[in-house]
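Colleague: Below you'll find the structure I mean.
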Amino acid sequence: MTSTTDSLVETMKLLADKTRLTILALLKEKEMCVCDIVDVLQTTQPNISQHLKKLKNGGLVVETRRSQWIYYSLNVDDKPYLQGILEELPSMKDELSKINPNCCK
């Protein structure tokens, strides 16, 4: 297998998890910190952090530090094969209304 094929296989493994796919759907809407994602998905911070670490290691998200907070955003511009998948993800705008506005302030 070529390195491109290996990369695609690893990316598809990352997308095969419902939580990670939901995180990508959220990040498609906007940049978010861990506590925002925890609020929406109603799970633990360590659980979300583990999923974000895998997505980051897989090159699908990037992090930006702002004071003590780390914000995550999509990093898929160099992965055109993901555009169709991202377009098929449902809108998460309603779920974003669940975010505590004082979370990362």
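Identifiers for the structure tokens are assigned positionally: chains receive A, B, ... in sequence, residues are indexed from 1 per chain, and ligands are indexed from 1 in the order shown.
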Report as a PyMOL selection string all protein, DNA and RNA residues lying within 10 Å of region 59-68 of chain A, evaluated on only C-alpha atoms, omitting residues in the same chain fewer than 4 positions from it.

Modeller: chain A and resi 7+11+14-15+23-24+27+31-33+52-55+72-79+82+104-105

Colleague: Determine which residues of chain A receive a DSSP assignment of alpha helix (DSSP H), computed from the backbone, and state them as an NGL selection string.

Modeller: :A and (3-15 or 18-29 or 34-41 or 45-57 or 83-88 or 93-96)

Colleague: I need the residues of chain A that end up classed as strand (DSSP E) by DSSP on the backbone, written out as a list of chain:residue names.

Modeller: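 DSSP on the backbone gives strand (DSSP E) at A:Met32, A:Cys33, A:Val61, A:Val62, A:Glu63, A:Thr64, A:Arg65, A:Arg66, A:Trp69, A:Ile70, A:Tyr71, A:Tyr72, A:Ser73, A:Leu74.
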
Colleague: Generate the output file for the selected residues, N, CA, C and O atoms, as a tab-separated table (two decimals), in the first residue's frame.

Modeller:
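Final output, result_14.tsv:
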chain	number	residue	atom	x	y	z
A	32	MET	N	-13.99	25.42	18.85
A	32	MET	CA	-14.53	25.16	20.19
A	32	MET	C	-13.43	24.73	21.15
A	32	MET	O	-12.42	24.17	20.74
A	33	CYS	N	-13.68	24.96	22.45
A	33	CYS	CA	-12.79	24.44	23.48
A	33	CYS	C	-13.39	23.13	24.01
A	33	CYS	O	-14.54	22.80	23.72
A	61	VAL	N	-7.73	17.83	13.22
A	61	VAL	CA	-7.99	19.06	13.97
A	61	VAL	C	-6.66	19.68	14.37
A	61	VAL	O	-5.64	19.00	14.45
A	62	VAL	N	-6.70	20.97	14.61
A	62	VAL	CA	-5.55	21.70	15.14
A	62	VAL	C	-6.00	22.43	16.39
A	62	VAL	O	-7.19	22.69	16.58
A	63	GLU	N	-5.02	22.72	17.25
A	63	GLU	CA	-5.34	23.44	18.47
A	63	GLU	C	-4.64	24.78	18.48
A	63	GLU	O	-3.56	24.94	17.93
A	64	THR	N	-5.31	25.74	19.12
A	64	THR	CA	-4.78	27.09	19.28
A	64	THR	C	-4.93	27.46	20.75
A	64	THR	O	-6.03	27.35	21.29
A	65	ARG	N	-3.83	27.87	21.38
A	65	ARG	CA	-3.89	28.25	22.80
A	65	ARG	C	-4.20	29.73	22.92
A	65	ARG	O	-3.61	30.55	22.25
A	66	ARG	N	-5.16	30.03	23.79
A	66	ARG	CA	-5.49	31.41	24.15
A	66	ARG	C	-5.54	31.49	25.67
A	66	ARG	O	-6.46	30.95	26.27
A	69	TRP	N	-6.73	28.46	27.87
A	69	TRP	CA	-7.68	27.63	27.12
A	69	TRP	C	-7.08	27.19	25.79
A	69	TRP	O	-6.37	27.94	25.14
A	70	ILE	N	-7.45	25.98	25.38
A	70	ILE	CA	-7.05	25.48	24.07
A	70	ILE	C	-8.32	25.32	23.24
A	70	ILE	O	-9.29	24.69	23.68
A	71	TYR	N	-8.31	25.91	22.06
A	71	TYR	CA	-9.44	25.84	21.14
A	71	TYR	C	-9.08	24.92	19.98
A	71	TYR	O	-7.94	24.92	19.50
A	72	TYR	N	-10.08	24.16	19.53
A	72	TYR	CA	-9.88	23.21	18.44
A	72	TYR	C	-10.67	23.64	17.22
A	72	TYR	O	-11.77	24.16	17.33
A	73	SER	N	-10.08	23.38	16.05
A	73	SER	CA	-10.75	23.68	14.79
A	73	SER	C	-10.38	22.60	13.77
A	73	SER	O	-9.41	21.87	13.95
A	74	LEU	N	-11.18	22.53	12.72
A	74	LEU	CA	-10.93	21.54	11.67
A	74	LEU	C	-9.64	21.86	10.92
A	74	LEU	O	-9.28	23.02	10.75

Colleague: I'd like the interatomic distance between CA of Gln42 (chain A) and CA of Ala16 (chain A), to a tenth of an Å.

Modeller: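 Between CA of Gln42 (chain A) and CA of Ala16 (chain A) the gap is 19.9 Å.
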
Colleague: Using only C-alpha atoms, which residues sit within 12 Å of Pro90 (chain A) once same-chain residues fewer than 4 positions away are excluded, as a list in words?

Modeller: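 So the residues in contact are Leu21, Thr22, Ile23, Leu24, Ala25, Leu26, Leu27, Lys28, Glu29, Ile85, Leu86, Asp94 and Glu95 of chain A.
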
Colleague: Print the selection's residues with N, CA, C and O atoms to a file, as a PDB file, in the first residue's frame.

Modeller:
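Output file selection.pdb is given in full below:
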ATOM      1  N   LEU A  21     -16.813  11.587  15.062  1.00  0.00           N
ATOM      2  CA  LEU A  21     -17.552  12.138  13.931  1.00  0.00           C
ATOM      3  C   LEU A  21     -18.436  13.301  14.386  1.00  0.00           C
ATOM      4  O   LEU A  21     -18.538  14.332  13.704  1.00  0.00           O
ATOM      5  N   THR A  22     -19.031  13.184  15.559  1.00  0.00           N
ATOM      6  CA  THR A  22     -19.853  14.264  16.112  1.00  0.00           C
ATOM      7  C   THR A  22     -18.992  15.480  16.435  1.00  0.00           C
ATOM      8  O   THR A  22     -19.399  16.625  16.190  1.00  0.00           O
ATOM      9  N   ILE A  23     -17.802  15.250  16.969  1.00  0.00           N
ATOM     10  CA  ILE A  23     -16.886  16.361  17.246  1.00  0.00           C
ATOM     11  C   ILE A  23     -16.543  17.085  15.946  1.00  0.00           C
ATOM     12  O   ILE A  23     -16.547  18.320  15.897  1.00  0.00           O
ATOM     13  N   LEU A  24     -16.287  16.348  14.878  1.00  0.00           N
ATOM     14  CA  LEU A  24     -16.000  16.987  13.592  1.00  0.00           C
ATOM     15  C   LEU A  24     -17.197  17.797  13.112  1.00  0.00           C
ATOM     16  O   LEU A  24     -17.037  18.897  12.574  1.00  0.00           O
ATOM     17  N   ALA A  25     -18.407  17.274  13.316  1.00  0.00           N
ATOM     18  CA  ALA A  25     -19.614  18.011  12.924  1.00  0.00           C
ATOM     19  C   ALA A  25     -19.718  19.314  13.710  1.00  0.00           C
ATOM     20  O   ALA A  25     -20.087  20.358  13.156  1.00  0.00           O
ATOM     21  N   LEU A  26     -19.394  19.268  14.996  1.00  0.00           N
ATOM     22  CA  LEU A  26     -19.411  20.482  15.816  1.00  0.00           C
ATOM     23  C   LEU A  26     -18.367  21.482  15.329  1.00  0.00           C
ATOM     24  O   LEU A  26     -18.642  22.670  15.182  1.00  0.00           O
ATOM     25  N   LEU A  27     -17.161  20.986  15.073  1.00  0.00           N
ATOM     26  CA  LEU A  27     -16.076  21.872  14.649  1.00  0.00           C
ATOM     27  C   LEU A  27     -16.311  22.416  13.242  1.00  0.00           C
ATOM     28  O   LEU A  27     -15.741  23.441  12.875  1.00  0.00           O
ATOM     29  N   LYS A  28     -17.144  21.745  12.474  1.00  0.00           N
ATOM     30  CA  LYS A  28     -17.523  22.269  11.158  1.00  0.00           C
ATOM     31  C   LYS A  28     -18.301  23.582  11.331  1.00  0.00           C
ATOM     32  O   LYS A  28     -18.203  24.475  10.511  1.00  0.00           O
ATOM     33  N   GLU A  29     -19.033  23.689  12.446  1.00  0.00           N
ATOM     34  CA  GLU A  29     -19.825  24.886  12.722  1.00  0.00           C
ATOM     35  C   GLU A  29     -18.962  26.028  13.249  1.00  0.00           C
ATOM     36  O   GLU A  29     -19.159  27.173  12.883  1.00  0.00           O
ATOM     37  N   ILE A  85     -17.854  13.853   3.029  1.00  0.00           N
ATOM     38  CA  ILE A  85     -18.279  13.334   4.336  1.00  0.00           C
ATOM     39  C   ILE A  85     -18.723  14.487   5.230  1.00  0.00           C
ATOM     40  O   ILE A  85     -19.788  14.423   5.856  1.00  0.00           O
ATOM     41  N   LEU A  86     -17.945  15.544   5.288  1.00  0.00           N
ATOM     42  CA  LEU A  86     -18.293  16.691   6.130  1.00  0.00           C
ATOM     43  C   LEU A  86     -19.604  17.327   5.688  1.00  0.00           C
ATOM     44  O   LEU A  86     -20.405  17.751   6.517  1.00  0.00           O
ATOM     45  N   ASP A  94     -28.353  23.594  16.536  1.00  0.00           N
ATOM     46  CA  ASP A  94     -29.231  23.477  17.708  1.00  0.00           C
ATOM     47  C   ASP A  94     -28.446  23.013  18.931  1.00  0.00           C
ATOM     48  O   ASP A  94     -28.662  23.499  20.036  1.00  0.00           O
ATOM     49  N   GLU A  95     -27.538  22.066  18.729  1.00  0.00           N
ATOM     50  CA  GLU A  95     -26.737  21.551  19.831  1.00  0.00           C
ATOM     51  C   GLU A  95     -25.815  22.625  20.402  1.00  0.00           C
ATOM     52  O   GLU A  95     -25.525  22.637  21.592  1.00  0.00           O
TER      53      GLU A  95
END

Colleague: So, counting only C-alpha atoms, which residue among A:Lys18, A:His51, A:Val9, A:Gly58 is closest to Val38 (chain A)?

Modeller: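 Nearest candidate to Val38 (chain A) out of A:Lys18, A:His51, A:Val9, A:Gly58: A:His51.
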
Colleague: Separation of CA of Thr4 (chain A) and CA of Arg20 (chain A), in Å?

Modeller: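 The value is 21.5 Å.
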
Colleague: A:Met92, A:Asn57, A:Gln50, A:Ile37: which is nearest Glu10 (chain A), counting only C-alpha atoms?

Modeller: A:Asn57

Colleague: Any idea what the distance is between CA of Ser91 (chain A) and CA of Asp36 (chain A)?

Modeller: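 Between CA of Ser91 (chain A) and CA of Asp36 (chain A) the gap is 16.2 Å.
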